[in-house]
Amino acid sequence: MREEWVIVDATNIGQFLMGVNYWPRAKAMYWWERFDLDEVKKDFERIAEYGLGLVRIFLVWEAFQPTPKQVSVENLKRLIAVADLASDTGISLMPTLFCGHMSGVNWLPEWVLDEDCIRQRFPVYTGGRLHFRGLKNVYTDKVISNAQELLCREVARAMEGHRALFACDLGNESSNCFVPPDRETARSWLETMAGTLKANGGGCMVTFGMHAEDLEEDRALGPGEAATVCDFLSMHGYPFYLKWVDDPLDYEVLPFLGAVTEWLGEKPVLFQEFGIPSYPVIPPFLKGDESDRLRGRLWDEETGAIYYRHALERLQQEGMIGAVAWCFGDYVPGLWNHPPLRENPHERFFGLFRYDGSAKLAAEVAREFAGSRKVRTVAMEVRYRRPWLDEEKPEVFYLDPQANLKRLYRKYKDWTRLSAI
């Protein structure tokens, strides 16, 4: 028998968490500059009605920190107002700082851009328009890291002791914006930011929103590095984005990514993003290039509901501490010609709710699951059900992450197939 070891679950979460990532349907990423508290109140009441007790929100970096030495007092007040609404409706809140990458566009302050740096993979939205410029590296630029520490401190102080606060998230798929030069630099940055949040926020829990690409490539900040400071790890997954997954609706890739994340970091995992773009029928109003870009990235609502049902069941069975849907609502047509929805039309339709506020079939599946979910499986018990990892060594995974991920997924699929017999 192999050696037993216990994963310490600092979260003390006894029940599988159900949550949703939130942007207002009529505001999207322009939320903070067009803030409407009544709109948020109605949305949060709707979210609570469907049993989604955890809401992840995003602090658009430019809105909260217009200059390196200035944090927006007005938006901090708005953040507290949102937290108060969450508390009033029985919702827990997970604010995500330094946002950062979102829906195919990087949303950053202008003072992070640098003409002398290499142009990035994703366009940058700042100052009211898209830019195709390089970025300074937040992990090595002292002015930027000092600014980030300031934002952590001010957000933590504003939120300290708030009963709605579940945890603070240090970023959303940050490696789509910046990559640290090495692991030591990554750990140092994590320690500074998480330490600042905890010291000023009453010891609040901290996580870091990673995605599948952080497993596909060695970007120097993976589950092992995040686990040095995070109370729990977070993973995002969408099979239709992954070239090594044959079926774009292969929901088994979600628990697999979660299991690999836990294995590499030895910390419990929240599956922080999953979902599927859906529409009652494939929209007849899409033509030409827009229709081409949606091919293979938009499904009917019935398919979406089936996907959600399987995904939720398997994520719970694999021992995740919870699942957070992407996302609350489809965006209103008035936003479709604005970034990021103009460039990425499938992002318009990821919601559990349609843009008119009515519930999709997937929302009903989520409500049913939320009402019947059991106490989650203890991580150690799940570990014993992973023989496909018995002979594997986490320390060699990143020597060839892409090949190892593909190989492990074949093993995982074989194991799940045999287990079902």
# chains A, B, ... in the order shown; residues from 1 in each chain; ligands from 1
>>> residues_around(residues="Pro239 (chain A)", least_positions_apart="3", cutoff="10 Å", atoms="only C-alpha atoms", output="NGL selection string")
:A and (212 or 242-254 or 274-276)
>>> residues_around(residues="Trp388 (chain A)", least_positions_apart="6", cutoff="8 Å", atoms="only C-alpha atoms", output="NGL selection string")
:A and (408 or 411-412 or 415)
>>> closest_residue(among="A:Gln317, A:Gln272, A:Thr196, A:Ser174", to="Asn146 (chain A)", atoms="only C-alpha atoms")
A:Thr196
>>> residues_around(residues="Cys117 (chain A)", least_positions_apart="5", cutoff="10 Å", atoms="only C-alpha atoms", output="JSON, numbers by chain")
{"A": [133, 134, 135, 136, 137]}
>>> write_last_selection(atoms="N, CA, C and O atoms", output="PDB file, in the first residue's frame")
ATOM      1  N   ARG A 133      -0.699  46.797 -28.034  1.00  0.00           N
ATOM      2  CA  ARG A 133       0.607  47.210 -27.553  1.00  0.00           C
ATOM      3  C   ARG A 133       1.138  46.204 -26.545  1.00  0.00           C
ATOM      4  O   ARG A 133       0.409  45.352 -26.041  1.00  0.00           O
ATOM      5  N   GLY A 134       2.421  46.316 -26.260  1.00  0.00           N
ATOM      6  CA  GLY A 134       3.031  45.437 -25.284  1.00  0.00           C
ATOM      7  C   GLY A 134       2.708  45.862 -23.859  1.00  0.00           C
ATOM      8  O   GLY A 134       2.154  46.934 -23.618  1.00  0.00           O
ATOM      9  N   LEU A 135       3.066  44.996 -22.923  1.00  0.00           N
ATOM     10  CA  LEU A 135       2.796  45.239 -21.507  1.00  0.00           C
ATOM     11  C   LEU A 135       4.073  45.130 -20.689  1.00  0.00           C
ATOM     12  O   LEU A 135       4.927  44.291 -20.962  1.00  0.00           O
ATOM     13  N   LYS A 136       4.183  45.968 -19.680  1.00  0.00           N
ATOM     14  CA  LYS A 136       5.221  45.783 -18.683  1.00  0.00           C
ATOM     15  C   LYS A 136       4.887  44.519 -17.886  1.00  0.00           C
ATOM     16  O   LYS A 136       3.738  44.091 -17.852  1.00  0.00           O
ATOM     17  N   ASN A 137       5.872  43.950 -17.243  1.00  0.00           N
ATOM     18  CA  ASN A 137       5.641  42.717 -16.483  1.00  0.00           C
ATOM     19  C   ASN A 137       5.385  43.038 -15.016  1.00  0.00           C
ATOM     20  O   ASN A 137       6.261  43.583 -14.328  1.00  0.00           O
TER      21      ASN A 137
END
>>> residues_around(residues="Val82 (chain A)", least_positions_apart="2", cutoff="10 Å", atoms="only C-alpha atoms", output="list in words")
Leu37, Val40, Lys41, Phe44, Ile57, Leu76, Lys77, Arg78, Leu79, Ile80, Asp84, Leu85, Ala86, Ser87, Asp88, Leu93 and Ala164 of chain A
>>> write_last_selection(atoms="N, CA, C and O atoms", output="PDB file, in the first residue's frame")
ATOM      1  N   LEU A  37     -26.937  50.203  -8.625  1.00  0.00           N
ATOM      2  CA  LEU A  37     -27.109  49.316  -7.485  1.00  0.00           C
ATOM      3  C   LEU A  37     -28.452  48.588  -7.524  1.00  0.00           C
ATOM      4  O   LEU A  37     -28.549  47.426  -7.108  1.00  0.00           O
ATOM      5  N   VAL A  40     -28.061  45.517  -9.597  1.00  0.00           N
ATOM      6  CA  VAL A  40     -27.336  44.470  -8.877  1.00  0.00           C
ATOM      7  C   VAL A  40     -28.253  43.796  -7.861  1.00  0.00           C
ATOM      8  O   VAL A  40     -28.232  42.571  -7.711  1.00  0.00           O
ATOM      9  N   LYS A  41     -29.071  44.577  -7.174  1.00  0.00           N
ATOM     10  CA  LYS A  41     -29.993  44.026  -6.177  1.00  0.00           C
ATOM     11  C   LYS A  41     -30.939  43.006  -6.815  1.00  0.00           C
ATOM     12  O   LYS A  41     -31.117  41.895  -6.297  1.00  0.00           O
ATOM     13  N   PHE A  44     -28.894  39.849  -7.774  1.00  0.00           N
ATOM     14  CA  PHE A  44     -28.501  39.040  -6.622  1.00  0.00           C
ATOM     15  C   PHE A  44     -29.701  38.292  -6.044  1.00  0.00           C
ATOM     16  O   PHE A  44     -29.575  37.146  -5.600  1.00  0.00           O
ATOM     17  N   ILE A  57     -17.076  38.266  -8.404  1.00  0.00           N
ATOM     18  CA  ILE A  57     -17.131  39.529  -9.137  1.00  0.00           C
ATOM     19  C   ILE A  57     -15.711  39.966  -9.489  1.00  0.00           C
ATOM     20  O   ILE A  57     -14.737  39.418  -8.971  1.00  0.00           O
ATOM     21  N   LEU A  76     -14.472  51.819  -4.362  1.00  0.00           N
ATOM     22  CA  LEU A  76     -14.417  51.057  -3.105  1.00  0.00           C
ATOM     23  C   LEU A  76     -15.755  51.134  -2.382  1.00  0.00           C
ATOM     24  O   LEU A  76     -16.234  50.141  -1.822  1.00  0.00           O
ATOM     25  N   LYS A  77     -16.376  52.305  -2.392  1.00  0.00           N
ATOM     26  CA  LYS A  77     -17.704  52.460  -1.777  1.00  0.00           C
ATOM     27  C   LYS A  77     -18.733  51.601  -2.518  1.00  0.00           C
ATOM     28  O   LYS A  77     -19.608  50.982  -1.895  1.00  0.00           O
ATOM     29  N   ARG A  78     -18.618  51.568  -3.834  1.00  0.00           N
ATOM     30  CA  ARG A  78     -19.537  50.740  -4.618  1.00  0.00           C
ATOM     31  C   ARG A  78     -19.327  49.256  -4.312  1.00  0.00           C
ATOM     32  O   ARG A  78     -20.295  48.489  -4.237  1.00  0.00           O
ATOM     33  N   LEU A  79     -18.075  48.861  -4.139  1.00  0.00           N
ATOM     34  CA  LEU A  79     -17.776  47.475  -3.779  1.00  0.00           C
ATOM     35  C   LEU A  79     -18.432  47.101  -2.455  1.00  0.00           C
ATOM     36  O   LEU A  79     -19.024  46.018  -2.334  1.00  0.00           O
ATOM     37  N   ILE A  80     -18.346  47.987  -1.468  1.00  0.00           N
ATOM     38  CA  ILE A  80     -18.973  47.712  -0.163  1.00  0.00           C
ATOM     39  C   ILE A  80     -20.493  47.655  -0.310  1.00  0.00           C
ATOM     40  O   ILE A  80     -21.154  46.819   0.324  1.00  0.00           O
ATOM     41  N   ASP A  84     -22.758  44.573   0.739  1.00  0.00           N
ATOM     42  CA  ASP A  84     -23.926  44.701   1.626  1.00  0.00           C
ATOM     43  C   ASP A  84     -25.144  44.028   1.002  1.00  0.00           C
ATOM     44  O   ASP A  84     -25.915  43.334   1.696  1.00  0.00           O
ATOM     45  N   LEU A  85     -25.325  44.220  -0.308  1.00  0.00           N
ATOM     46  CA  LEU A  85     -26.439  43.556  -0.995  1.00  0.00           C
ATOM     47  C   LEU A  85     -26.284  42.043  -0.940  1.00  0.00           C
ATOM     48  O   LEU A  85     -27.260  41.317  -0.738  1.00  0.00           O
ATOM     49  N   ALA A  86     -25.062  41.575  -1.126  1.00  0.00           N
ATOM     50  CA  ALA A  86     -24.812  40.136  -1.064  1.00  0.00           C
ATOM     51  C   ALA A  86     -25.193  39.595   0.294  1.00  0.00           C
ATOM     52  O   ALA A  86     -25.866  38.559   0.410  1.00  0.00           O
ATOM     53  N   SER A  87     -24.776  40.296   1.327  1.00  0.00           N
ATOM     54  CA  SER A  87     -25.100  39.864   2.687  1.00  0.00           C
ATOM     55  C   SER A  87     -26.610  39.840   2.912  1.00  0.00           C
ATOM     56  O   SER A  87     -27.150  38.898   3.509  1.00  0.00           O
ATOM     57  N   ASP A  88     -27.289  40.865   2.438  1.00  0.00           N
ATOM     58  CA  ASP A  88     -28.744  40.958   2.623  1.00  0.00           C
ATOM     59  C   ASP A  88     -29.488  39.834   1.920  1.00  0.00           C
ATOM     60  O   ASP A  88     -30.588  39.442   2.343  1.00  0.00           O
ATOM     61  N   LEU A  93     -19.390  36.485  -1.295  1.00  0.00           N
ATOM     62  CA  LEU A  93     -18.774  37.206  -2.393  1.00  0.00           C
ATOM     63  C   LEU A  93     -17.291  36.854  -2.526  1.00  0.00           C
ATOM     64  O   LEU A  93     -16.583  36.705  -1.526  1.00  0.00           O
ATOM     65  N   ALA A 164     -20.123  39.117   4.130  1.00  0.00           N
ATOM     66  CA  ALA A 164     -20.358  38.540   2.800  1.00  0.00           C
ATOM     67  C   ALA A 164     -19.077  38.012   2.166  1.00  0.00           C
ATOM     68  O   ALA A 164     -19.139  37.258   1.190  1.00  0.00           O
TER      69      ALA A 164
END
>>> closest_residue(among="A:Gly104, A:Gly90, A:Gly237, A:Gly51", to="Ala370 (chain A)", atoms="only C-alpha atoms")
A:Gly51
>>> closest_residue(among="A:Val60, A:Leu341, A:Val138, A:Leu197", to="Thr126 (chain A)", atoms="only C-alpha atoms")
A:Val60
>>> closest_residue(among="A:Leu113, A:Leu298, A:Val229, A:Ala311", to="Glu273 (chain A)", atoms="only C-alpha atoms")
A:Ala311
>>> select_by_dssp(residues="region 195-315 of chain A", states="strand (DSSP E or B)", output="number ranges by chain")
A: 206-211, 233-236, 269-274, 278-279, 299-300
>>> atom_distance(atom1="CA of Trp107 (chain A)", atom2="CA of Leu150 (chain A)")
18.6 Å
